[in-house]
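Have a look at coords-v9.cif below; it lists mmCIF, C-alpha atoms.
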data_work
#
loop_
_atom_site.group_PDB
_atom_site.id
_atom_site.type_symbol
_atom_site.label_atom_id
_atom_site.label_comp_id
_atom_site.auth_asym_id
_atom_site.auth_seq_id
_atom_site.Cartn_x
_atom_site.Cartn_y
_atom_site.Cartn_z
ATOM 1 C CA MET A 1 10.351 -44.553 35.678
ATOM 2 C CA ARG A 2 9.051 -46.765 38.544
ATOM 3 C CA PRO A 3 10.433 -45.896 42.004
ATOM 4 C CA MET A 4 12.799 -48.481 43.487
ATOM 5 C CA LEU A 5 11.820 -50.149 46.720
ATOM 6 C CA GLY A 6 12.468 -47.749 49.551
ATOM 7 C CA MET A 7 12.795 -44.708 47.266
ATOM 8 C CA PRO A 8 10.965 -41.708 48.756
ATOM 9 C CA LEU A 9 7.900 -40.751 46.734
ATOM 10 C CA PHE A 10 9.063 -37.145 46.305
ATOM 11 C CA VAL A 11 12.289 -38.414 44.631
ATOM 12 C CA ALA A 12 10.275 -40.606 42.272
ATOM 13 C CA ALA A 13 8.031 -37.673 41.421
ATOM 14 C CA ALA A 14 11.045 -35.462 40.704
ATOM 15 C CA CYS A 15 12.461 -38.104 38.349
ATOM 16 C CA ALA A 16 9.118 -38.413 36.585
ATOM 17 C CA SER A 17 8.854 -34.665 36.089
ATOM 18 C CA ALA A 18 12.279 -34.652 34.427
ATOM 19 C CA ALA A 19 11.071 -37.031 31.701
ATOM 20 C CA PRO A 20 10.737 -35.555 28.194
ATOM 21 C CA ALA A 21 7.445 -33.839 27.476
ATOM 22 C CA PRO A 22 5.180 -35.630 24.978
ATOM 23 C CA THR A 23 5.426 -34.491 21.368
ATOM 24 C CA SER A 24 3.194 -31.490 20.768
ATOM 25 C CA PRO A 25 0.317 -32.038 18.329
ATOM 26 C CA ARG A 26 0.846 -30.657 14.852
ATOM 27 C CA ASP A 27 -1.445 -28.228 13.068
ATOM 28 C CA GLU A 28 -2.273 -29.914 9.766
ATOM 29 C CA THR A 29 -3.667 -26.654 8.349
ATOM 30 C CA LYS A 30 -0.572 -24.528 8.975
ATOM 31 C CA GLN A 31 1.175 -23.218 5.866
ATOM 32 C CA GLN A 32 4.231 -21.202 6.774
ATOM 33 C CA ILE A 33 8.003 -20.849 6.823
ATOM 34 C CA THR A 34 9.713 -20.022 10.132
ATOM 35 C CA ILE A 35 13.328 -18.807 10.129
ATOM 36 C CA LEU A 36 15.178 -20.543 12.979
ATOM 37 C CA TYR A 37 18.761 -19.561 12.190
ATOM 38 C CA ASP A 38 20.281 -16.439 10.637
ATOM 39 C CA ALA A 39 22.637 -13.592 11.449
ATOM 40 C CA PHE A 40 20.114 -10.731 11.214
ATOM 41 C CA GLY A 41 16.725 -10.172 12.765
ATOM 42 C CA LYS A 42 14.589 -8.036 15.017
ATOM 43 C CA PRO A 43 15.258 -8.019 18.794
ATOM 44 C CA SER A 44 14.051 -11.275 20.340
ATOM 45 C CA PRO A 45 15.199 -14.049 22.698
ATOM 46 C CA MET A 46 16.620 -15.847 19.649
ATOM 47 C CA GLU A 47 20.376 -15.785 19.071
ATOM 48 C CA LYS A 48 21.822 -14.428 15.822
ATOM 49 C CA ASP A 49 24.585 -16.465 14.218
ATOM 50 C CA TRP A 50 25.907 -17.027 10.700
ATOM 51 C CA GLY A 51 24.049 -19.923 9.116
ATOM 52 C CA PHE A 52 20.591 -20.932 7.973
ATOM 53 C CA ALA A 53 17.750 -23.144 9.131
ATOM 54 C CA ALA A 54 14.031 -22.927 8.459
ATOM 55 C CA LEU A 55 10.960 -24.924 9.434
ATOM 56 C CA ILE A 56 8.528 -25.390 6.549
ATOM 57 C CA GLU A 57 4.971 -26.439 7.321
ATOM 58 C CA TYR A 58 2.768 -27.194 4.348
ATOM 59 C CA GLY A 59 0.228 -29.826 3.314
ATOM 60 C CA GLY A 60 0.365 -31.469 6.728
ATOM 61 C CA LYS A 61 4.159 -31.894 6.493
ATOM 62 C CA ARG A 62 6.769 -30.445 8.864
ATOM 63 C CA ILE A 63 10.177 -30.110 7.238
ATOM 64 C CA LEU A 64 13.423 -28.791 8.701
ATOM 65 C CA PHE A 65 15.541 -27.266 5.948
ATOM 66 C CA ASP A 66 19.190 -27.041 7.081
ATOM 67 C CA THR A 67 20.338 -26.902 10.717
ATOM 68 C CA GLY A 68 22.460 -23.758 11.023
ATOM 69 C CA ASP A 69 26.052 -23.670 12.241
ATOM 70 C CA ASN A 70 25.903 -24.538 15.939
ATOM 71 C CA PRO A 71 23.801 -27.210 17.713
ATOM 72 C CA GLY A 72 23.459 -25.119 20.883
ATOM 73 C CA VAL A 73 22.211 -22.072 19.009
ATOM 74 C CA LEU A 74 19.729 -24.197 17.040
ATOM 75 C CA ALA A 75 18.470 -25.744 20.289
ATOM 76 C CA ARG A 76 17.998 -22.375 21.981
ATOM 77 C CA ASN A 77 16.350 -20.783 18.959
ATOM 78 C CA ALA A 78 13.919 -23.656 18.485
ATOM 79 C CA LYS A 79 12.994 -23.469 22.173
ATOM 80 C CA ALA A 80 12.582 -19.684 22.064
ATOM 81 C CA LYS A 81 10.300 -19.989 19.038
ATOM 82 C CA GLY A 82 8.343 -22.909 20.503
ATOM 83 C CA VAL A 83 9.336 -25.241 17.666
ATOM 84 C CA ASP A 84 9.344 -28.981 18.359
ATOM 85 C CA LEU A 85 12.079 -30.588 16.259
ATOM 86 C CA SER A 86 11.180 -34.056 17.522
ATOM 87 C CA ASN A 87 7.994 -33.848 15.456
ATOM 88 C CA LEU A 88 9.153 -33.716 11.831
ATOM 89 C CA ASP A 89 8.315 -35.637 8.696
ATOM 90 C CA PHE A 90 11.843 -35.233 7.370
ATOM 91 C CA ALA A 91 14.804 -32.885 7.178
ATOM 92 C CA VAL A 92 16.844 -31.585 4.241
ATOM 93 C CA LEU A 93 20.512 -30.627 4.256
ATOM 94 C CA SER A 94 21.085 -28.382 1.273
ATOM 95 C CA HIS A 95 24.860 -28.880 1.073
ATOM 96 C CA ARG A 96 27.948 -29.846 3.031
ATOM 97 C CA HIS A 97 29.033 -26.431 4.366
ATOM 98 C CA GLY A 98 29.228 -26.163 8.152
ATOM 99 C CA ASP A 99 26.877 -23.188 8.483
ATOM 100 C CA HIS A 100 24.074 -25.349 7.066
ATOM 101 C CA MET A 101 24.758 -28.696 8.738
ATOM 102 C CA GLY A 102 26.643 -27.795 11.934
ATOM 103 C CA GLY A 103 23.500 -27.992 14.073
ATOM 104 C CA LEU A 104 22.758 -31.562 13.033
ATOM 105 C CA ASP A 105 23.926 -33.008 16.368
ATOM 106 C CA HIS A 106 21.033 -31.257 18.115
ATOM 107 C CA LEU A 107 18.491 -32.534 15.613
ATOM 108 C CA LEU A 108 19.772 -36.091 16.048
ATOM 109 C CA ALA A 109 19.707 -35.736 19.836
ATOM 110 C CA VAL A 110 15.980 -34.905 19.864
ATOM 111 C CA ASN A 111 14.981 -36.865 16.738
ATOM 112 C CA PRO A 112 17.557 -39.645 16.161
ATOM 113 C CA HIS A 113 15.598 -41.572 13.517
ATOM 114 C CA VAL A 114 14.345 -38.699 11.379
ATOM 115 C CA LYS A 115 14.778 -39.159 7.611
ATOM 116 C CA ILE A 116 17.410 -36.709 6.351
ATOM 117 C CA TYR A 117 17.759 -35.982 2.655
ATOM 118 C CA ALA A 118 21.226 -34.842 1.624
ATOM 119 C CA PRO A 119 23.135 -34.474 -1.651
ATOM 120 C CA LYS A 120 25.018 -37.515 -2.878
ATOM 121 C CA GLU A 121 28.686 -36.661 -3.309
ATOM 122 C CA ASN A 122 31.718 -38.820 -3.990
ATOM 123 C CA PHE A 123 33.091 -39.875 -0.592
ATOM 124 C CA GLY A 124 31.045 -37.102 1.047
ATOM 125 C CA VAL A 125 30.411 -36.462 4.743
ATOM 126 C CA TYR A 126 26.911 -37.966 4.500
ATOM 127 C CA GLY A 127 28.251 -41.314 3.309
ATOM 128 C CA PHE A 128 28.726 -42.908 -0.077
ATOM 129 C CA SER A 129 28.765 -46.306 -1.783
ATOM 130 C CA LEU A 130 30.233 -47.848 -4.917
ATOM 131 C CA PRO A 131 29.926 -51.271 -6.529
ATOM 132 C CA GLY A 132 32.821 -53.562 -5.754
ATOM 133 C CA THR A 133 33.553 -53.652 -9.479
ATOM 134 C CA PHE A 134 34.419 -49.936 -9.721
ATOM 135 C CA PHE A 135 38.215 -50.392 -9.777
ATOM 136 C CA ARG A 136 40.435 -52.156 -12.307
ATOM 137 C CA LYS A 137 41.749 -55.555 -11.284
ATOM 138 C CA ASP A 138 44.932 -57.459 -12.005
ATOM 139 C CA ASP A 139 44.619 -61.214 -11.543
ATOM 140 C CA SER A 140 48.394 -61.694 -11.908
ATOM 141 C CA LEU A 141 49.028 -60.231 -8.449
ATOM 142 C CA PRO A 142 49.213 -62.411 -5.318
ATOM 143 C CA PRO A 143 46.251 -62.082 -2.929
ATOM 144 C CA GLU A 144 48.178 -59.937 -0.439
ATOM 145 C CA GLN A 145 48.592 -57.248 -3.121
ATOM 146 C CA ARG A 146 44.947 -57.227 -4.143
ATOM 147 C CA TYR A 147 42.104 -55.265 -2.652
ATOM 148 C CA TYR A 148 40.047 -57.540 -0.396
ATOM 149 C CA ASP A 149 42.331 -60.437 -1.442
ATOM 150 C CA GLY A 150 40.804 -60.197 -4.917
ATOM 151 C CA THR A 151 37.177 -60.664 -3.845
ATOM 152 C CA PRO A 152 35.678 -57.250 -3.000
ATOM 153 C CA PRO A 153 32.158 -57.026 -1.600
ATOM 154 C CA PRO A 154 29.314 -56.390 -4.069
ATOM 155 C CA VAL A 155 28.804 -52.927 -2.539
ATOM 156 C CA MET A 156 31.514 -50.879 -0.856
ATOM 157 C CA LYS A 157 30.004 -48.550 1.723
ATOM 158 C CA PHE A 158 32.021 -45.556 2.912
ATOM 159 C CA GLY A 159 31.680 -43.758 6.222
ATOM 160 C CA SER A 160 29.561 -40.794 7.279
ATOM 161 C CA ALA A 161 30.312 -38.096 9.820
ATOM 162 C CA TRP A 162 27.010 -39.187 11.444
ATOM 163 C CA PRO A 163 27.064 -42.988 11.109
ATOM 164 C CA LYS A 164 23.756 -43.513 12.939
ATOM 165 C CA ALA A 165 21.790 -40.883 11.021
ATOM 166 C CA ASN A 166 19.028 -41.969 8.655
ATOM 167 C CA PHE A 167 20.364 -40.372 5.475
ATOM 168 C CA GLU A 168 18.863 -40.740 2.027
ATOM 169 C CA LEU A 169 21.261 -39.379 -0.562
ATOM 170 C CA ILE A 170 19.822 -37.539 -3.564
ATOM 171 C CA GLU A 171 21.690 -37.392 -6.884
ATOM 172 C CA LYS A 172 19.031 -35.980 -9.219
ATOM 173 C CA THR A 173 15.827 -33.979 -8.922
ATOM 174 C CA THR A 174 13.372 -36.190 -7.058
ATOM 175 C CA GLU A 175 9.754 -35.951 -5.898
ATOM 176 C CA ILE A 176 9.950 -37.199 -2.313
ATOM 177 C CA VAL A 177 6.234 -36.860 -1.524
ATOM 178 C CA PRO A 178 3.423 -35.751 -3.838
ATOM 179 C CA GLY A 179 3.873 -32.066 -4.643
ATOM 180 C CA ILE A 180 7.273 -31.719 -2.913
ATOM 181 C CA ARG A 181 10.496 -32.061 -4.898
ATOM 182 C CA LEU A 182 14.175 -31.816 -4.138
ATOM 183 C CA ILE A 183 15.942 -29.883 -6.897
ATOM 184 C CA ALA A 184 19.486 -31.232 -7.335
ATOM 185 C CA THR A 185 22.045 -28.933 -8.931
ATOM 186 C CA VAL A 186 25.848 -28.855 -9.145
ATOM 187 C CA SER A 187 28.001 -25.741 -8.921
ATOM 188 C CA ASP A 188 30.330 -24.838 -11.772
ATOM 189 C CA LYS A 189 31.664 -21.734 -9.976
ATOM 190 C CA PRO A 190 35.461 -21.674 -9.422
ATOM 191 C CA THR A 191 35.263 -21.431 -5.616
ATOM 192 C CA THR A 192 32.629 -24.171 -5.208
ATOM 193 C CA LEU A 193 33.340 -26.335 -8.245
ATOM 194 C CA GLU A 194 31.360 -29.601 -8.218
ATOM 195 C CA LEU A 195 29.590 -28.723 -4.961
ATOM 196 C CA ARG A 196 26.194 -30.432 -4.969
ATOM 197 C CA GLU A 197 23.215 -28.602 -3.528
ATOM 198 C CA LEU A 198 19.583 -29.482 -2.852
ATOM 199 C CA SER A 199 16.718 -26.975 -2.928
ATOM 200 C CA LEU A 200 13.140 -27.645 -1.807
ATOM 201 C CA ALA A 201 10.299 -27.003 -4.261
ATOM 202 C CA ILE A 202 6.705 -27.148 -3.030
ATOM 203 C CA ASP A 203 3.891 -27.040 -5.580
ATOM 204 C CA THR A 204 1.068 -24.802 -4.357
ATOM 205 C CA PRO A 205 -2.071 -23.523 -6.110
ATOM 206 C CA ASP A 206 -0.251 -20.204 -6.631
ATOM 207 C CA GLY A 207 2.967 -21.709 -8.015
ATOM 208 C CA VAL A 208 6.224 -23.092 -6.637
ATOM 209 C CA VAL A 209 7.495 -22.136 -3.188
ATOM 210 C CA LEU A 210 11.254 -22.575 -3.547
ATOM 211 C CA VAL A 211 13.505 -22.798 -0.469
ATOM 212 C CA VAL A 212 17.230 -22.545 -1.178
ATOM 213 C CA GLY A 213 20.288 -22.890 1.045
ATOM 214 C CA CYS A 214 23.113 -20.840 -0.475
ATOM 215 C CA SER A 215 22.395 -21.178 -4.218
ATOM 216 C CA HIS A 216 26.063 -21.976 -4.895
ATOM 217 C CA PRO A 217 25.248 -23.362 -8.367
ATOM 218 C CA GLY A 218 23.509 -20.024 -9.113
ATOM 219 C CA ILE A 219 19.901 -19.147 -8.345
ATOM 220 C CA GLU A 220 19.252 -18.896 -12.080
ATOM 221 C CA LYS A 221 20.229 -22.558 -12.555
ATOM 222 C CA ILE A 222 18.121 -23.636 -9.576
ATOM 223 C CA VAL A 223 15.038 -21.747 -10.744
ATOM 224 C CA GLU A 224 15.499 -23.094 -14.273
ATOM 225 C CA ALA A 225 15.457 -26.636 -12.877
ATOM 226 C CA ALA A 226 12.426 -25.906 -10.676
ATOM 227 C CA THR A 227 10.408 -24.504 -13.590
ATOM 228 C CA ALA A 228 10.878 -27.706 -15.580
ATOM 229 C CA SER A 229 7.847 -29.117 -13.737
ATOM 230 C CA ASN A 230 5.994 -25.895 -12.921
ATOM 231 C CA PRO A 231 6.732 -22.601 -14.719
ATOM 232 C CA ARG A 232 5.290 -20.373 -11.981
ATOM 233 C CA ILE A 233 7.619 -19.412 -9.113
ATOM 234 C CA HIS A 234 5.461 -17.908 -6.375
ATOM 235 C CA LEU A 235 8.055 -17.388 -3.635
ATOM 236 C CA ILE A 236 11.800 -17.838 -3.147
ATOM 237 C CA ALA A 237 13.179 -18.039 0.407
ATOM 238 C CA GLY A 238 16.733 -18.657 1.631
ATOM 239 C CA GLY A 239 20.187 -17.488 0.550
ATOM 240 C CA LEU A 240 21.513 -16.338 -2.835
ATOM 241 C CA HIS A 241 25.282 -16.292 -2.113
ATOM 242 C CA LEU A 242 25.653 -12.676 -3.224
ATOM 243 C CA VAL A 243 27.160 -11.437 0.043
ATOM 244 C CA VAL A 244 30.339 -10.183 -1.688
ATOM 245 C CA ALA A 245 28.921 -9.731 -5.196
ATOM 246 C CA LYS A 246 29.383 -6.542 -7.201
ATOM 247 C CA ASP A 247 26.398 -4.285 -7.904
ATOM 248 C CA ALA A 248 26.307 -5.185 -11.592
ATOM 249 C CA ASP A 249 26.137 -8.904 -10.790
ATOM 250 C CA ILE A 250 23.420 -8.313 -8.192
ATOM 251 C CA ASP A 251 21.370 -6.290 -10.689
ATOM 252 C CA GLY A 252 21.727 -9.063 -13.271
ATOM 253 C CA VAL A 253 20.436 -11.744 -10.900
ATOM 254 C CA ILE A 254 17.514 -9.590 -9.799
ATOM 255 C CA ALA A 255 16.541 -8.795 -13.383
ATOM 256 C CA THR A 256 16.573 -12.503 -14.222
ATOM 257 C CA LEU A 257 14.341 -13.390 -11.275
ATOM 258 C CA ARG A 258 11.922 -10.524 -11.812
ATOM 259 C CA ASP A 259 11.769 -10.222 -15.594
ATOM 260 C CA LYS A 260 12.638 -13.657 -17.004
ATOM 261 C CA PHE A 261 11.183 -15.990 -14.383
ATOM 262 C CA LYS A 262 8.461 -13.588 -13.169
ATOM 263 C CA VAL A 263 9.036 -14.509 -9.521
ATOM 264 C CA ALA A 264 6.068 -13.196 -7.555
ATOM 265 C CA TYR A 265 7.539 -12.825 -4.035
ATOM 266 C CA ILE A 266 11.026 -12.779 -2.514
ATOM 267 C CA ALA A 267 11.840 -13.588 1.154
ATOM 268 C CA LEU A 268 15.600 -13.904 1.266
ATOM 269 C CA GLY A 269 18.201 -14.032 4.025
ATOM 270 C CA HIS A 270 21.501 -15.588 5.088
ATOM 271 C CA CYS A 271 24.207 -15.119 2.411
ATOM 272 C CA THR A 272 22.064 -12.974 0.113
ATOM 273 C CA GLY A 273 23.982 -9.885 1.286
ATOM 274 C CA GLU A 274 23.078 -6.436 2.578
ATOM 275 C CA PRO A 275 23.443 -4.620 -0.779
ATOM 276 C CA THR A 276 21.279 -7.336 -2.350
ATOM 277 C CA PHE A 277 18.595 -6.851 0.317
ATOM 278 C CA ALA A 278 18.473 -3.160 -0.571
ATOM 279 C CA ALA A 279 18.364 -3.847 -4.312
ATOM 280 C CA LEU A 280 15.678 -6.522 -3.957
ATOM 281 C CA ARG A 281 13.528 -4.226 -1.832
ATOM 282 C CA LYS A 282 13.740 -1.551 -4.520
ATOM 283 C CA ALA A 283 13.052 -3.969 -7.383
ATOM 284 C CA PHE A 284 10.214 -5.975 -5.817
ATOM 285 C CA GLY A 285 8.547 -3.303 -3.686
ATOM 286 C CA GLU A 286 5.710 -4.752 -1.622
ATOM 287 C CA ARG A 287 6.554 -8.200 -2.976
ATOM 288 C CA TYR A 288 9.845 -8.105 -1.037
ATOM 289 C CA LEU A 289 9.211 -9.812 2.313
ATOM 290 C CA TYR A 290 11.434 -9.384 5.348
ATOM 291 C CA ALA A 291 12.755 -12.786 6.483
ATOM 292 C CA GLY A 292 15.105 -12.199 9.413
ATOM 293 C CA LEU A 293 15.657 -14.548 12.348
ATOM 294 C CA GLY A 294 12.373 -15.516 14.000
ATOM 295 C CA THR A 295 10.197 -14.403 11.099
ATOM 296 C CA ALA A 296 7.214 -16.632 10.345
ATOM 297 C CA LEU A 297 5.790 -16.170 6.850
ATOM 298 C CA ALA A 298 2.304 -17.412 6.101
ATOM 299 C CA LEU A 299 2.139 -18.984 2.654
ATOM 300 C CA GLY A 300 -0.714 -18.437 0.246
ATOM 301 C CA THR A 301 -1.774 -16.145 -2.563
ATOM 302 C CA ALA A 302 -0.285 -13.153 -0.718
ATOM 303 C CA PRO A 303 2.482 -14.391 1.626
ATOM 304 C CA HIS A 304 2.847 -12.247 4.736
ATOM 305 C CA PRO A 305 4.446 -12.227 8.199
ATOM 306 C CA VAL A 306 2.506 -13.984 10.922
ATOM 307 C CA ASP A 307 1.755 -11.877 14.024
ATOM 308 C CA ALA A 308 3.604 -13.697 16.803
ATOM 309 C CA LEU A 309 1.202 -12.374 19.447
ATOM 310 C CA ARG A 310 -1.818 -13.696 17.586
ATOM 311 C CA ARG A 311 -0.090 -17.075 17.278
#
Any chance you could put this one into structure tokens?
Amino acid sequence: MRPMLGMPLFVAAACASAAPAPTSPRDETKQQITILYDAFGKPSPMEKDWGFAALIEYGGKRILFDTGDNPGVLARNAKAKGVDLSNLDFAVLSHRHGDHMGGLDHLLAVNPHVKIYAPKENFGVYGFSLPGTFFRKDDSLPPEQRYYDGTPPPVMKFGSAWPKANFELIEKTTEIVPGIRLIATVSDKPTTLELRELSLAIDTPDGVVLVVGCSHPGIEKIVEAATASNPRIHLIAGGLHLVVAKDADIDGVIATLRDKFKVAYIALGHCTGEPTFAALRKAFGERYLYAGLGTALALGTAPHPVDALRR
């Protein structure tokens, strides 16, 4: 800001120093996933909390996948990890549960115009629209008993919890940029019936890197959809919603991932569950990658943790 007439120079300088820092340059060669929000992790300045958020950097793109549960925690964790959320290509909200979208206010505060992909749901929190012809009409009624006096708009747009956000709603599996797809699935489980969920599939030379939120529709269904375009699943990261599952169900999911889909590497967190972590570690051995809060995993033929000190 320019100092007003008569304003002491030291006051003007203080105001200037409080201005936001310029966006940090991006590393176009970086290929990694950084866990910004989760309830387990090694000791660090980052704050553990139930929820999930991850920064994916690949092919010159910077993608925020989910925003965790609390905007303050997301803000502090991003700062502690040195992650600039004002410098993104787009964000993805996997589904409508609070522990995956609760931090959105912070993202919008630092990046108000960022494109946000979210699942399209009937009258959902991300907004919705219908043609004005969707309801039955009765011309015998007087205008005061008819919707919109009998002349509804061509498109009826319904509200969003974030009316100024730049949402793009996804209803079916869609390639949003070359080599990056959003896998759209719908849950048929009794507790999450009809819940729509998006997963992120990145085509790499080694196969698909698949980032999932909670896998409410079932990780088997999500992987099946992802393999429709590329049969090789190189890495799965995110949550499997097995946090209260019985051992037999956990063993069945692991066998499907390992033996049917031949998943090469696993880097799971959030709602996957402690017994599932133990079972995955036993089943995948060295191909089981720790992915707690603050972990940065370098992608490639052999994914591995990035040494924070070297970074």
Inset, instruction - Find the residues near His113 of chain A: any atom within 10 Å, counting only C-alpha atoms, skip ones fewer than 4 places away on the same chain, and give them as a list in words. - result: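 Those residues are Ser86, Phe90, Leu107, Leu108, Ala109, Lys164, Ala165, Asn166 and Phe167 of chain A.
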Counting all atoms listed in the file, the residue among A:Thr173, A:Thr34, A:Thr151, A:Thr29 that lies closest to Lys61 of chain A is A:Thr29
**Request:** Carefully work through the PyMOL selection byres ((chain A and resi 181) around 9) for this structure and note down the residues it includes, as a PyMOL selection string.
**Result:** chain A and resi 173-180+182-183+199-203+226
Return as a PDB file with C-alpha atoms, in the frame of the given file the set of residues that the PyMOL selection byres ((chain A and resi 48) around 12) yields on the displayed structure.
ATOM      1  CA  ILE A  35      13.328 -18.807  10.129  1.00  0.00           C
ATOM      2  CA  LEU A  36      15.178 -20.543  12.979  1.00  0.00           C
ATOM      3  CA  TYR A  37      18.761 -19.561  12.190  1.00  0.00           C
ATOM      4  CA  ASP A  38      20.281 -16.439  10.637  1.00  0.00           C
ATOM      5  CA  ALA A  39      22.637 -13.592  11.449  1.00  0.00           C
ATOM      6  CA  PHE A  40      20.114 -10.731  11.214  1.00  0.00           C
ATOM      7  CA  GLY A  41      16.725 -10.172  12.765  1.00  0.00           C
ATOM      8  CA  LYS A  42      14.589  -8.036  15.017  1.00  0.00           C
ATOM      9  CA  PRO A  43      15.258  -8.019  18.794  1.00  0.00           C
ATOM     10  CA  SER A  44      14.051 -11.275  20.340  1.00  0.00           C
ATOM     11  CA  PRO A  45      15.199 -14.049  22.698  1.00  0.00           C
ATOM     12  CA  MET A  46      16.620 -15.847  19.649  1.00  0.00           C
ATOM     13  CA  GLU A  47      20.376 -15.785  19.071  1.00  0.00           C
ATOM     14  CA  ASP A  49      24.585 -16.465  14.218  1.00  0.00           C
ATOM     15  CA  TRP A  50      25.907 -17.027  10.700  1.00  0.00           C
ATOM     16  CA  GLY A  51      24.049 -19.923   9.116  1.00  0.00           C
ATOM     17  CA  PHE A  52      20.591 -20.932   7.973  1.00  0.00           C
ATOM     18  CA  ALA A  53      17.750 -23.144   9.131  1.00  0.00           C
ATOM     19  CA  GLY A  68      22.460 -23.758  11.023  1.00  0.00           C
ATOM     20  CA  ASP A  69      26.052 -23.670  12.241  1.00  0.00           C
ATOM     21  CA  ASN A  70      25.903 -24.538  15.939  1.00  0.00           C
ATOM     22  CA  GLY A  72      23.459 -25.119  20.883  1.00  0.00           C
ATOM     23  CA  VAL A  73      22.211 -22.072  19.009  1.00  0.00           C
ATOM     24  CA  LEU A  74      19.729 -24.197  17.040  1.00  0.00           C
ATOM     25  CA  ARG A  76      17.998 -22.375  21.981  1.00  0.00           C
ATOM     26  CA  ASN A  77      16.350 -20.783  18.959  1.00  0.00           C
ATOM     27  CA  HIS A 270      21.501 -15.588   5.088  1.00  0.00           C
ATOM     28  CA  GLY A 292      15.105 -12.199   9.413  1.00  0.00           C
ATOM     29  CA  LEU A 293      15.657 -14.548  12.348  1.00  0.00           C
ATOM     30  CA  GLY A 294      12.373 -15.516  14.000  1.00  0.00           C
TER      31      GLY A 294
END
Give as a ChimeraX atom specification the residues that the PyMOL selection byres ((chain A and resi 134) around 12) matches when applied to the coordinates above.
-> /A:129-133,135-137,147,152-156
Atom CA of Val212 of chain A to atom CA of Gly124 of chain A measures 20.2 Å
